[in-house]
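Visitor: Got a structure for you, input-v2.tsv, holding TSV, C-alpha atoms and all ligand atoms.
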```tsv
chain	number	residue	atom	x	y	z
A	18	MET	CA	-26.51	-10.70	0.19
A	19	SER	CA	-23.41	-12.84	0.27
A	20	ARG	CA	-19.98	-11.23	0.46
A	21	ALA	CA	-16.91	-13.32	-0.34
A	22	HIS	CA	-14.04	-13.63	2.12
A	23	ASN	CA	-11.74	-11.51	-0.01
A	24	PHE	CA	-7.98	-11.99	0.43
A	25	ASN	CA	-7.00	-10.35	-2.86
A	26	ALA	CA	-3.62	-8.60	-2.92
A	27	GLY	CA	-4.92	-5.58	-4.81
A	28	PRO	CA	-7.33	-4.40	-5.95
A	29	ALA	CA	-8.60	-5.67	-2.65
A	30	VAL	CA	-11.54	-5.74	-0.26
A	31	LEU	CA	-13.20	-2.40	0.56
A	32	PRO	CA	-15.25	-1.68	3.68
A	33	LEU	CA	-18.83	-2.81	3.16
A	34	GLU	CA	-20.09	0.46	4.71
A	35	VAL	CA	-18.20	2.39	2.04
A	36	LEU	CA	-19.62	0.29	-0.78
A	37	GLU	CA	-23.14	0.62	0.63
A	38	GLN	CA	-22.86	4.39	0.81
A	39	ALA	CA	-21.42	4.63	-2.71
A	40	LYS	CA	-24.28	2.45	-3.92
A	41	ALA	CA	-26.89	4.60	-2.20
A	42	GLU	CA	-25.40	7.76	-3.74
A	43	LEU	CA	-24.55	6.34	-7.12
A	44	THR	CA	-27.28	7.94	-9.18
A	45	ASP	CA	-27.99	10.96	-6.98
A	46	PHE	CA	-25.06	12.39	-5.06
A	47	ASN	CA	-26.15	14.72	-2.25
A	48	GLY	CA	-29.41	15.57	-3.97
A	49	THR	CA	-27.69	16.87	-7.10
A	50	GLY	CA	-29.49	14.50	-9.44
A	51	MET	CA	-26.30	12.98	-10.77
A	52	SER	CA	-23.54	10.70	-9.60
A	53	VAL	CA	-20.26	12.06	-8.32
A	54	MET	CA	-18.70	10.63	-11.51
A	55	GLU	CA	-20.85	12.92	-13.62
A	56	HIS	CA	-19.88	16.12	-11.85
A	57	SER	CA	-17.29	18.56	-13.15
A	58	HIS	CA	-14.03	18.28	-11.28
A	59	ARG	CA	-14.20	22.09	-11.00
A	60	GLY	CA	-17.72	22.17	-9.53
A	61	LYS	CA	-18.86	22.64	-5.93
A	62	ALA	CA	-20.14	19.10	-5.40
A	63	TYR	CA	-16.84	17.47	-6.31
A	64	ALA	CA	-14.79	20.15	-4.55
A	65	ALA	CA	-16.37	19.13	-1.24
A	66	VAL	CA	-15.31	15.51	-1.84
A	67	HIS	CA	-11.77	16.43	-2.86
A	68	ASP	CA	-11.31	18.81	0.07
A	69	GLU	CA	-12.65	16.28	2.58
A	70	ALA	CA	-10.28	13.62	1.22
A	71	VAL	CA	-7.34	15.98	1.75
A	72	ALA	CA	-8.58	17.05	5.20
A	73	ASN	CA	-9.17	13.47	6.38
A	74	LEU	CA	-5.77	12.29	5.14
A	75	THR	CA	-4.11	15.30	6.78
A	76	LYS	CA	-5.69	14.17	10.05
A	77	LEU	CA	-4.87	10.49	9.57
A	78	PHE	CA	-1.18	11.17	8.85
A	79	GLY	CA	-0.97	13.98	11.42
A	80	LEU	CA	0.49	16.29	8.79
A	81	THR	CA	1.90	19.68	9.58
A	82	ASP	CA	2.00	22.51	7.08
A	83	ASP	CA	5.38	21.24	5.88
A	84	TYR	CA	3.73	18.43	3.90
A	85	GLN	CA	1.36	18.28	0.98
A	86	ILE	CA	-1.00	15.58	-0.25
A	87	LEU	CA	-1.12	14.85	-3.98
A	88	PHE	CA	-3.54	12.64	-5.91
A	89	LEU	CA	-1.68	11.37	-8.97
A	90	GLN	CA	-2.16	8.66	-11.58
A	91	GLY	CA	0.01	5.93	-13.04
A	92	GLY	CA	0.11	3.80	-9.90
A	93	ALA	CA	3.01	3.29	-7.56
A	94	SER	CA	4.90	2.06	-10.63
A	95	MET	CA	4.87	5.57	-12.07
A	96	GLN	CA	6.42	6.82	-8.83
A	97	PHE	CA	9.34	4.46	-9.36
A	98	ALA	CA	10.31	6.79	-12.24
A	99	GLN	CA	8.82	10.06	-11.05
A	100	ILE	CA	10.83	10.05	-7.83
A	101	PRO	CA	14.26	10.01	-9.52
A	102	LEU	CA	13.03	12.33	-12.27
A	103	ASN	CA	12.13	14.93	-9.65
A	104	LEU	CA	14.58	14.28	-6.88
A	105	LEU	CA	17.75	12.74	-8.27
A	106	PRO	CA	19.90	15.54	-9.71
A	107	ALA	CA	22.35	14.95	-12.54
A	108	GLY	CA	25.57	13.62	-11.07
A	109	GLY	CA	23.88	12.87	-7.74
A	110	SER	CA	23.19	9.51	-6.18
A	111	ALA	CA	20.29	7.94	-4.31
A	112	ASP	CA	20.31	5.17	-1.69
A	113	TYR	CA	18.00	2.18	-2.26
A	114	VAL	CA	17.32	-0.91	-0.18
A	115	ASN	CA	16.41	-4.02	-2.15
A	116	THR	CA	13.97	-6.06	-0.11
A	117	GLY	CA	12.13	-7.88	-2.89
A	118	THR	CA	10.17	-7.66	-6.11
A	119	TRP	CA	8.77	-4.17	-5.55
A	120	ALA	CA	12.00	-2.60	-4.35
A	121	SER	CA	13.74	-4.21	-7.35
A	122	LYS	CA	11.29	-2.53	-9.71
A	123	ALA	CA	11.88	0.85	-8.08
A	124	ILE	CA	15.64	0.31	-8.41
A	125	LYS	CA	15.36	-0.68	-12.05
A	126	GLU	CA	13.66	2.61	-12.92
A	127	ALA	CA	16.03	4.75	-10.84
A	128	LYS	CA	19.04	3.13	-12.53
A	129	LYS	CA	17.77	4.34	-15.89
A	130	LEU	CA	17.88	7.89	-14.60
A	131	GLY	CA	20.89	8.23	-12.33
A	132	ASN	CA	23.32	6.73	-9.86
A	133	VAL	CA	21.90	4.22	-7.45
A	134	ASN	CA	23.64	2.97	-4.35
A	135	ILE	CA	22.22	-0.34	-3.03
A	136	LEU	CA	22.61	-0.32	0.75
A	137	ALA	CA	21.43	-3.89	1.27
A	138	ASP	CA	19.91	-6.67	-0.79
A	139	THR	CA	17.72	-9.28	0.87
A	140	SER	CA	15.62	-9.81	-2.25
A	141	LYS	CA	16.80	-13.38	-2.88
A	142	GLU	CA	16.79	-14.60	0.73
A	143	ILE	CA	14.65	-17.55	1.73
A	144	PRO	CA	12.99	-17.35	4.18
A	145	THR	CA	12.15	-13.86	3.00
A	146	ASN	CA	13.81	-11.23	5.10
A	147	MET	CA	14.53	-7.54	5.62
A	148	PRO	CA	17.83	-5.98	6.70
A	149	ASP	CA	18.40	-4.12	9.97
A	150	PHE	CA	17.66	-0.62	8.69
A	151	ASP	CA	19.42	1.06	11.62
A	152	ALA	CA	22.69	-0.66	10.69
A	153	LEU	CA	22.90	0.43	7.03
A	154	ALA	CA	25.67	2.74	5.76
A	155	TYR	CA	23.58	5.67	4.54
A	156	ASP	CA	25.40	8.06	2.23
A	157	PRO	CA	25.16	11.50	3.85
A	158	ASN	CA	25.25	13.05	0.36
A	159	ALA	CA	22.49	10.89	-1.13
A	160	ALA	CA	19.60	12.78	-2.74
A	161	TYR	CA	17.22	10.49	-0.84
A	162	VAL	CA	16.85	6.99	0.61
A	163	HIS	CA	14.19	4.72	-0.90
A	164	VAL	CA	12.62	1.83	0.99
A	165	THR	CA	9.60	-0.43	0.51
A	166	SER	CA	7.71	-0.53	3.79
A	167	ASN	CA	5.87	-3.74	2.96
A	168	GLU	CA	6.89	-6.29	0.34
A	169	THR	CA	3.51	-7.50	-0.85
A	170	ILE	CA	4.81	-10.68	-2.48
A	171	ALA	CA	7.45	-11.70	0.08
A	172	GLY	CA	5.17	-11.01	3.05
A	173	THR	CA	7.72	-8.88	4.88
A	174	GLU	CA	7.34	-5.46	6.52
A	175	ILE	CA	9.68	-2.85	7.97
A	176	LYS	CA	8.93	-2.82	11.69
A	177	LYS	CA	10.99	0.25	12.58
A	178	PHE	CA	11.87	2.99	10.13
A	179	PRO	CA	15.42	4.35	10.30
A	180	LYS	CA	16.43	7.95	10.88
A	181	THR	CA	18.30	8.75	7.68
A	182	PRO	CA	20.64	11.63	6.86
A	183	SER	CA	18.84	12.38	3.58
A	184	PRO	CA	15.07	12.37	2.95
A	185	LEU	CA	13.52	8.96	3.50
A	186	ILE	CA	11.03	7.91	0.81
A	187	ALA	CA	8.82	4.88	1.36
A	188	ASP	CA	6.71	2.90	-1.06
A	189	MET	CA	3.82	2.19	1.32
A	190	SER	CA	1.53	0.72	-1.32
A	191	SER	CA	0.58	-2.31	0.74
A	192	ASP	CA	0.62	-1.00	4.30
A	193	ILE	CA	-0.23	2.69	4.12
A	194	LEU	CA	-2.33	3.86	7.08
A	195	SER	CA	-2.36	0.38	8.57
A	196	ARG	CA	-0.41	1.58	11.63
A	197	PRO	CA	0.81	4.88	13.05
A	198	VAL	CA	4.02	6.27	11.53
A	199	ASP	CA	5.86	9.44	12.41
A	200	ILE	CA	5.56	11.22	9.09
A	201	THR	CA	8.25	13.74	10.05
A	202	GLN	CA	10.75	10.91	9.58
A	203	PHE	CA	9.92	10.88	5.86
A	204	GLY	CA	10.52	13.16	2.93
A	205	MET	CA	7.80	11.38	1.03
A	206	VAL	CA	5.51	8.35	1.20
A	207	TYR	CA	3.39	7.02	-1.64
A	208	ALA	CA	0.93	4.26	-2.45
A	209	GLY	CA	-1.34	3.03	-5.18
A	210	ALA	CA	-4.79	3.29	-3.59
A	211	GLN	CA	-6.00	-0.19	-4.47
A	212	LYS	CA	-4.93	-2.05	-1.33
A	213	ASN	CA	-5.61	0.08	1.74
A	214	LEU	CA	-7.19	3.27	0.42
A	215	GLY	CA	-9.73	2.67	-2.30
A	216	PRO	CA	-9.96	1.58	-5.92
A	217	SER	CA	-7.12	1.48	-8.42
A	218	GLY	CA	-6.50	4.60	-10.48
A	219	VAL	CA	-5.46	6.98	-7.69
A	220	THR	CA	-1.91	7.23	-6.39
A	221	LEU	CA	-1.48	8.96	-3.07
A	222	VAL	CA	1.69	10.97	-2.52
A	223	VAL	CA	2.50	12.73	0.74
A	224	ILE	CA	5.53	14.92	0.18
A	225	ARG	CA	7.53	17.44	2.20
A	226	LYS	CA	7.08	20.79	0.54
A	227	ASP	CA	10.78	21.59	0.17
A	228	LEU	CA	11.19	18.49	-2.03
A	229	ILE	CA	8.47	19.59	-4.43
A	230	GLU	CA	10.66	22.36	-5.79
A	231	ARG	CA	13.67	20.19	-6.60
A	232	ALA	CA	12.55	19.02	-10.06
A	233	PRO	CA	14.23	20.53	-13.11
A	234	GLU	CA	11.85	22.90	-14.91
A	235	THR	CA	12.70	21.08	-18.14
A	236	LEU	CA	10.86	17.97	-16.95
A	237	PRO	CA	7.51	17.49	-18.78
A	238	THR	CA	4.81	19.35	-16.90
A	239	MET	CA	2.80	16.31	-15.85
A	240	LEU	CA	5.86	14.62	-14.39
A	241	GLN	CA	6.79	17.47	-12.05
A	242	TYR	CA	5.38	17.21	-8.53
A	243	ARG	CA	5.09	21.00	-8.46
A	244	THR	CA	2.45	20.95	-11.22
A	245	GLN	CA	-0.15	19.12	-9.16
A	246	ALA	CA	1.12	20.64	-5.91
A	247	LYS	CA	0.38	24.17	-7.17
A	248	GLU	CA	-3.11	23.17	-8.29
A	249	ASN	CA	-4.23	21.03	-5.33
A	250	SER	CA	-4.08	17.96	-7.66
A	251	LEU	CA	-6.51	19.66	-10.06
A	252	TYR	CA	-4.11	20.73	-12.82
A	253	ASN	CA	-5.92	18.28	-15.09
A	254	THR	CA	-8.90	15.99	-14.54
A	255	PRO	CA	-8.23	13.81	-11.51
A	256	PRO	CA	-9.75	10.32	-11.08
A	257	THR	CA	-12.78	11.80	-9.34
A	258	PHE	CA	-14.67	8.61	-8.55
A	259	GLY	CA	-11.55	6.98	-7.12
A	260	ILE	CA	-10.89	10.00	-4.92
A	261	TYR	CA	-14.53	9.91	-3.80
A	262	ILE	CA	-14.18	6.29	-2.66
A	263	LEU	CA	-10.83	7.12	-1.06
A	264	MET	CA	-12.58	9.94	0.83
A	265	LEU	CA	-15.23	7.50	2.10
A	266	VAL	CA	-12.49	5.06	3.15
A	267	SER	CA	-10.66	7.87	4.99
A	268	ARG	CA	-13.90	8.68	6.85
A	269	TRP	CA	-14.29	5.00	7.72
A	270	LEU	CA	-10.71	4.88	8.97
A	271	LEU	CA	-11.20	7.93	11.18
A	272	ALA	CA	-14.27	6.26	12.68
A	273	LYS	CA	-12.12	3.18	13.43
A	274	GLY	CA	-9.79	5.34	15.53
A	275	GLY	CA	-7.31	6.21	12.78
A	276	PRO	CA	-3.99	4.40	12.34
A	277	ALA	CA	-3.74	3.40	16.03
A	278	GLY	CA	-7.27	2.01	16.05
A	279	ILE	CA	-6.83	0.03	12.86
A	280	GLN	CA	-3.39	-1.18	13.96
A	281	ALA	CA	-4.92	-2.96	16.95
A	282	ILE	CA	-7.41	-4.70	14.66
A	283	ASN	CA	-4.72	-5.53	12.08
A	284	GLU	CA	-2.35	-6.96	14.68
A	285	ALA	CA	-5.06	-9.16	16.13
A	286	LYS	CA	-5.97	-10.51	12.67
A	287	ALA	CA	-2.34	-11.19	11.73
A	288	ALA	CA	-1.54	-12.78	15.12
A	289	LYS	CA	-4.43	-15.19	14.70
A	290	LEU	CA	-3.29	-16.24	11.25
A	291	TYR	CA	0.40	-16.62	12.19
A	292	ALA	CA	-0.66	-18.62	15.27
A	293	ALA	CA	-2.60	-20.97	13.00
A	294	ILE	CA	0.50	-21.41	10.83
A	295	ASP	CA	2.93	-21.85	13.72
A	296	GLY	CA	0.57	-24.12	15.62
A	297	SER	CA	0.14	-26.55	12.73
A	298	GLY	CA	3.11	-28.73	13.67
A	299	GLY	CA	4.88	-27.89	10.41
A	300	PHE	CA	1.98	-28.63	8.06
A	301	TYR	CA	1.82	-24.90	7.28
A	302	ARG	CA	5.20	-23.14	7.06
A	303	GLY	CA	5.50	-19.35	7.12
A	304	THR	CA	7.81	-18.06	4.39
A	305	ALA	CA	9.01	-14.86	6.11
A	306	VAL	CA	11.48	-14.53	8.97
A	307	PRO	CA	9.23	-14.04	12.03
A	308	ALA	CA	10.83	-10.71	13.04
A	309	CYS	CA	9.72	-9.07	9.81
A	310	ARG	CA	6.45	-10.84	9.12
A	311	SER	CA	3.95	-8.56	7.42
A	312	ASN	CA	0.67	-7.76	9.11
A	313	MET	CA	-0.84	-7.14	5.68
A	314	ASN	CA	0.29	-10.04	3.47
A	315	VAL	CA	0.64	-13.37	5.27
A	316	THR	CA	2.54	-15.94	3.19
A	317	TRP	CA	2.99	-19.65	3.78
A	318	ARG	CA	3.55	-23.02	2.14
A	319	LEU	CA	2.07	-26.50	2.46
A	320	PRO	CA	4.02	-29.76	2.32
A	321	THR	CA	3.60	-30.12	-1.48
A	322	GLU	CA	2.54	-28.00	-4.44
A	323	GLU	CA	-0.27	-30.47	-5.04
A	324	LEU	CA	-1.65	-29.81	-1.56
A	325	GLU	CA	-1.31	-26.06	-2.18
A	326	ALA	CA	-3.36	-26.39	-5.37
A	327	GLN	CA	-5.94	-28.47	-3.48
A	328	PHE	CA	-6.01	-25.89	-0.65
A	329	ILE	CA	-6.67	-23.06	-3.10
A	330	LYS	CA	-9.33	-25.01	-4.96
A	331	GLU	CA	-11.19	-25.90	-1.78
A	332	SER	CA	-10.86	-22.38	-0.39
A	333	VAL	CA	-12.68	-21.04	-3.46
A	334	ALA	CA	-15.48	-23.53	-2.84
A	335	ALA	CA	-15.58	-22.24	0.77
A	336	ASN	CA	-16.30	-18.66	-0.47
A	337	MET	CA	-12.70	-17.46	-0.11
A	338	SER	CA	-10.94	-15.59	-2.84
A	339	GLY	CA	-7.37	-14.49	-3.59
A	340	LEU	CA	-5.37	-17.01	-1.54
A	341	LYS	CA	-3.08	-18.13	-4.36
A	342	GLY	CA	0.46	-16.83	-3.79
A	343	HIS	CA	1.94	-14.45	-6.37
A	344	ARG	CA	2.72	-16.26	-9.62
A	345	SER	CA	6.44	-15.55	-9.15
A	346	VAL	CA	6.73	-17.43	-5.83
A	347	GLY	CA	3.78	-19.82	-5.50
A	348	GLY	CA	2.47	-20.93	-2.13
A	349	ILE	CA	-0.39	-19.26	-0.29
A	350	ARG	CA	-0.86	-15.59	0.46
A	351	ALA	CA	-3.65	-14.03	2.48
A	352	SER	CA	-3.81	-10.26	2.05
A	353	ILE	CA	-5.56	-8.95	5.14
A	354	TYR	CA	-5.60	-5.20	4.59
A	355	ASN	CA	-7.43	-2.69	6.80
A	356	ALA	CA	-10.81	-3.45	5.27
A	357	CYS	CA	-10.53	-7.24	5.58
A	358	PRO	CA	-13.04	-8.06	8.35
A	359	PRO	CA	-11.79	-10.13	11.32
A	360	GLU	CA	-14.58	-12.59	10.48
A	361	SER	CA	-12.83	-13.40	7.20
A	362	VAL	CA	-9.63	-14.28	9.07
A	363	ASP	CA	-11.66	-16.41	11.50
A	364	ALA	CA	-13.20	-18.26	8.56
A	365	LEU	CA	-9.77	-18.82	7.02
A	366	VAL	CA	-8.27	-20.12	10.27
A	367	GLU	CA	-11.17	-22.52	10.64
A	368	PHE	CA	-10.78	-23.68	7.05
A	369	MET	CA	-7.03	-24.23	7.57
A	370	ALA	CA	-7.62	-26.44	10.61
A	371	ASP	CA	-10.23	-28.46	8.78
A	372	PHE	CA	-8.03	-28.82	5.69
A	373	GLN	CA	-5.13	-30.04	7.81
A	374	LYS	CA	-7.34	-32.54	9.61
A	375	ARG	CA	-8.33	-34.04	6.27
A	376	ASN	CA	-4.90	-33.87	4.59
A	377	GLY	CA	-2.26	-33.68	7.36
B	1	LIG	C1	4.72	-2.61	-2.63
B	1	LIG	C2	4.17	-2.33	-3.99
B	1	LIG	N1	4.70	-1.34	-4.72
B	1	LIG	C3	4.26	-1.05	-5.95
B	1	LIG	C4	3.24	-1.77	-6.53
B	1	LIG	C5	2.77	-1.42	-7.91
B	1	LIG	O1	1.63	-0.66	-7.78
B	1	LIG	P1	0.79	-0.16	-9.02
B	1	LIG	O2	0.09	-1.33	-9.59
B	1	LIG	O3	-0.14	0.86	-8.37
B	1	LIG	O4	1.71	0.49	-9.97
B	1	LIG	C6	2.62	-2.80	-5.81
B	1	LIG	C7	1.51	-3.56	-6.41
B	1	LIG	O5	1.10	-4.60	-5.98
B	1	LIG	C8	3.12	-3.09	-4.52
B	1	LIG	O6	2.59	-4.09	-3.81
```
What is this file in C-alpha cells?
Guide:
Amino acid sequence: MSRAHNFNAGPAVLPLEVLEQAKAELTDFNGTGMSVMEHSHRGKAYAAVHDEAVANLTKLFGLTDDYQILFLQGGASMQFAQIPLNLLPAGGSADYVNTGTWASKAIKEAKKLGNVNILADTSKEIPTNMPDFDALAYDPNAAYVHVTSNETIAGTEIKKFPKTPSPLIADMSSDILSRPVDITQFGMVYAGAQKNLGPSGVTLVVIRKDLIERAPETLPTMLQYRTQAKENSLYNTPPTFGIYILMLVSRWLLAKGGPAGIQAINEAKAAKLYAAIDGSGGFYRGTAVPACRSNMNVTWRLPTEELEAQFIKESVAANMSGLKGHRSVGGIRASIYNACPPESVDALVEFMADFQKRNG
C-alpha cells in the first residue's frame, strides 16, 4: 500500500494506525455486527466511544472539574459567531487581536453582534508576524479576549499565551494538542477537528463552566453552549463517526506521550524544515518572522512564481500533496500537523535540496 506524503492544511493527514483500526472495525464494531456509524447515538456501543473521547481529552488537556468538553458542529467558523452570541452581553465589549485571515473572520462576526476592541493588528504585515501579547492594553472590563493561537495561512503561532484580566478564548483550530498549554489560563479553547483531531464535522470546545451560563435564554436553543453542556453533547444527534475517529486519535496521542510527547516530535519536524529553508542561501525564503514561526504550518517562497508552480508540480509527481500555499497568499505551505510522520518531512527536505540543485 502506498500512502502519500500528505501536507494538506485541513482536512489533513490522520495517523495510519487510526485509519487501520477504523478500517478493521468498519463493518463490525466490537462484535456488534454493525459499524459505529450505524449505532444509535443513545445506545451502549456508541456511549462507550463518546465517553472515552471525553475521558481521553480530559486527560490530554489536564482538565479539572471547572471545565467541560463539548462536541459541536458548524466548524470553527460557527464559533466565530457563537462566542459573541453567548459571551458578549448587550452594551459590553470584547477584546480581539487581529493576527491574520482567521482572526479577521472571527472579528467580522463579532462586530455584527457587539462592540469589538482591536488590541493589535498584524494581519497585513509582511513578513507575517504576531504582536507581543504580554504588552497589549487589555480592557479589564472586556467580556473576553479572543486570540488565534496559530494562523494557518500566515504560518505564525503564539509562542507564549498572555495572562489576561478577562477570560482568554483561543481559536486553536490548527495547533490544538500539538504542545502542552496551561488550560487554566483560558476561559475557552476551540478547534475544528479536521487538522489535529480527526475528520471534519466535529468542533471541539473546551469551556470553563462559569462561562456556559452567560448566554441569554432568548438565544436559539442550539446556539447556547448550555444546551449541549447539560446533555453531554447529546442534545441532538452528534457526528458520531467523527467523534469515533477523534476518540481513536486521542488514544493515539496518549500513546505518543500526550502534548509533551507530540511537541518534541513536532518541534523536530519543524526545525528540520526551517533549517532546510534557512540553509538554502536565499533560494527558499520563510514568510514568517522567525520568532513566531508556526510548528504546524511552514510557509515559504521561491525566487519566482514560475519556480513555485514548478516546485508544486514536481512535488505532486514525487508523491507529495498539499504544498500549494493558500490561494490568498500564494507560495508554498507545508502543514505538518501531529499526524504528519517525520518521514514525510524527511522526504520533503530531500526533495527541496534536489529541486534547488536543479533550479538554483
Ligand atoms: C485557525 C483557523 N480557524 C478557523 C478555521 C475555520 O475552520 P472551519 O472550516 O472548521 O470552520 C480554520 C480553517 O482552516 C483555521 O485554520
Visitor: Between A:Ala98, A:Ala111, A:Ile353, A:Val219, single out the one closest to A:Leu31, counting only C-alpha atoms.
Guide: A:Ile353
Visitor: Can you pull out the residues contacting stretch 164-180 of chain A? Cut-off 6 Å, using only C-alpha atoms, and skip same-chain residues under 4 positions away; I want them as a ChimeraX atom specification.
Guide: /A:114,120,145,150-151,187-189,191,309-311,314-316
Visitor: Starting from 5 Å padding per side, set up an axis-aligned box that covers all listed atoms of ligand LIG 1 (chain B) and hand over centre and edge lengths in Å, one decimal, as AutoDock Vina command-line options.
Guide:
```
--center_x 2.3 --center_y -1.9 --center_z -6.3 --size_x 14.9 --size_y 15.5 --size_z 17.3
```
Visitor: Name the residues in contact with stretch 258-272 of chain A at a cut-off of 8 Å, using all atoms listed in the file, excluding same-chain residues fewer than 5 positions from it; report them as a ChimeraX atom specification.
Guide: /A:31-32,34-35,39,53-54,66-67,69-70,73-74,77,88,210,214-219,279
Visitor: Would you work out the distance separating atom CA of A:Phe300 from atom CA of A:Phe368, expressed in Å to one decimal?
Guide: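 Result for atom CA of A:Phe300 versus atom CA of A:Phe368: 13.7 Å, one decimal.
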Visitor: Which residue is closest to A:Gly91? Choose from A:Val133, A:Leu221, A:Lys341, A:Leu105 and count all atoms listed in the file.
Guide: A:Leu221
Visitor: Atom CA of A:Ser57 to atom CA of A:Leu89: how many Å, to one decimal?
Guide: 17.7 Å
Visitor: Show me, as a VMD selection string, the residues that have an atom within 12 Å of A:Ile224 when counting only C-alpha atoms, minus same-chain residues fewer than 5 positions from it.
Guide: chain A and resid 75 78 80 to 88 100 103 to 104 184 to 187 200 to 208 229 to 231 242 to 243 245 to 246
Visitor: Neighbouring residues of stretch 321-335 of chain A were defined as those with any atom within 12 Å, considering only C-alpha atoms; residues of the same chain fewer than 2 positions away were excluded. Please report them as a ChimeraX atom specification.
Guide: /A:20-24,300-302,317-319,337-342,346-351,361,364-373,375-377
Visitor: Keeping only C-alpha atoms, take the residues you just selected and write them out as an mmCIF file, in the frame of the given file.
Guide:
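Saved result, out_38.cif, follows:
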```
data_model
loop_
_atom_site.group_PDB
_atom_site.id
_atom_site.type_symbol
_atom_site.label_atom_id
_atom_site.label_comp_id
_atom_site.auth_asym_id
_atom_site.auth_seq_id
_atom_site.Cartn_x
_atom_site.Cartn_y
_atom_site.Cartn_z
ATOM 1 C CA ARG A 20 -19.980 -11.230 0.460
ATOM 2 C CA ALA A 21 -16.910 -13.320 -0.340
ATOM 3 C CA HIS A 22 -14.040 -13.630 2.120
ATOM 4 C CA ASN A 23 -11.740 -11.510 -0.010
ATOM 5 C CA PHE A 24 -7.980 -11.990 0.430
ATOM 6 C CA PHE A 300 1.980 -28.630 8.060
ATOM 7 C CA TYR A 301 1.820 -24.900 7.280
ATOM 8 C CA ARG A 302 5.200 -23.140 7.060
ATOM 9 C CA TRP A 317 2.990 -19.650 3.780
ATOM 10 C CA ARG A 318 3.550 -23.020 2.140
ATOM 11 C CA LEU A 319 2.070 -26.500 2.460
ATOM 12 C CA MET A 337 -12.700 -17.460 -0.110
ATOM 13 C CA SER A 338 -10.940 -15.590 -2.840
ATOM 14 C CA GLY A 339 -7.370 -14.490 -3.590
ATOM 15 C CA LEU A 340 -5.370 -17.010 -1.540
ATOM 16 C CA LYS A 341 -3.080 -18.130 -4.360
ATOM 17 C CA GLY A 342 0.460 -16.830 -3.790
ATOM 18 C CA VAL A 346 6.730 -17.430 -5.830
ATOM 19 C CA GLY A 347 3.780 -19.820 -5.500
ATOM 20 C CA GLY A 348 2.470 -20.930 -2.130
ATOM 21 C CA ILE A 349 -0.390 -19.260 -0.290
ATOM 22 C CA ARG A 350 -0.860 -15.590 0.460
ATOM 23 C CA ALA A 351 -3.650 -14.030 2.480
ATOM 24 C CA SER A 361 -12.830 -13.400 7.200
ATOM 25 C CA ALA A 364 -13.200 -18.260 8.560
ATOM 26 C CA LEU A 365 -9.770 -18.820 7.020
ATOM 27 C CA VAL A 366 -8.270 -20.120 10.270
ATOM 28 C CA GLU A 367 -11.170 -22.520 10.640
ATOM 29 C CA PHE A 368 -10.780 -23.680 7.050
ATOM 30 C CA MET A 369 -7.030 -24.230 7.570
ATOM 31 C CA ALA A 370 -7.620 -26.440 10.610
ATOM 32 C CA ASP A 371 -10.230 -28.460 8.780
ATOM 33 C CA PHE A 372 -8.030 -28.820 5.690
ATOM 34 C CA GLN A 373 -5.130 -30.040 7.810
ATOM 35 C CA ARG A 375 -8.330 -34.040 6.270
ATOM 36 C CA ASN A 376 -4.900 -33.870 4.590
ATOM 37 C CA GLY A 377 -2.260 -33.680 7.360
#
```
Visitor: Near A:Thr254, counting only C-alpha atoms, which residues have an atom at most 8 Å away, once you skip same-chain residues fewer than 3 positions from it, shown as number ranges by chain?
Guide: A: 58, 251, 257
Visitor: Ranking A:Ala281, A:Met51, A:Ile124, A:Val71 by minimum distance to ligand LIG 1 (chain B) and counting all atoms listed in the file, which one comes first?
Guide: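 Selected residue with least distance to ligand LIG 1 (chain B): A:Ile124.
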Visitor: Figure out the distance between atom CA of A:Ser110 and atom CA of A:Val162, please, to one decimal in Å.
Guide: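 For atom CA of A:Val162 relative to atom CA of A:Ser110, the distance reads 9.6 Å.
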Visitor: Using only C-alpha atoms and all ligand atoms, which of A:Val222, A:Ala123, A:Leu130, A:Ala64 sits nearest ligand LIG 1 (chain B)?
Guide: A:Ala123
Visitor: Just checking: using only C-alpha atoms, which residue out of A:Asn146, A:Pro101, A:Asn336, A:Ser190 ends up closest to A:Trp119?
Guide: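 Under the stated criterion, the closest residue is A:Ser190.
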Visitor: I need the residue nearest ligand LIG 1 (chain B) from this list: A:Asp192, A:Glu55, A:Asp295, A:Asp227. Use all atoms listed in the file for the distance.
Guide: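 Of the candidates, the smallest distance to ligand LIG 1 (chain B) is held by A:Asp192.
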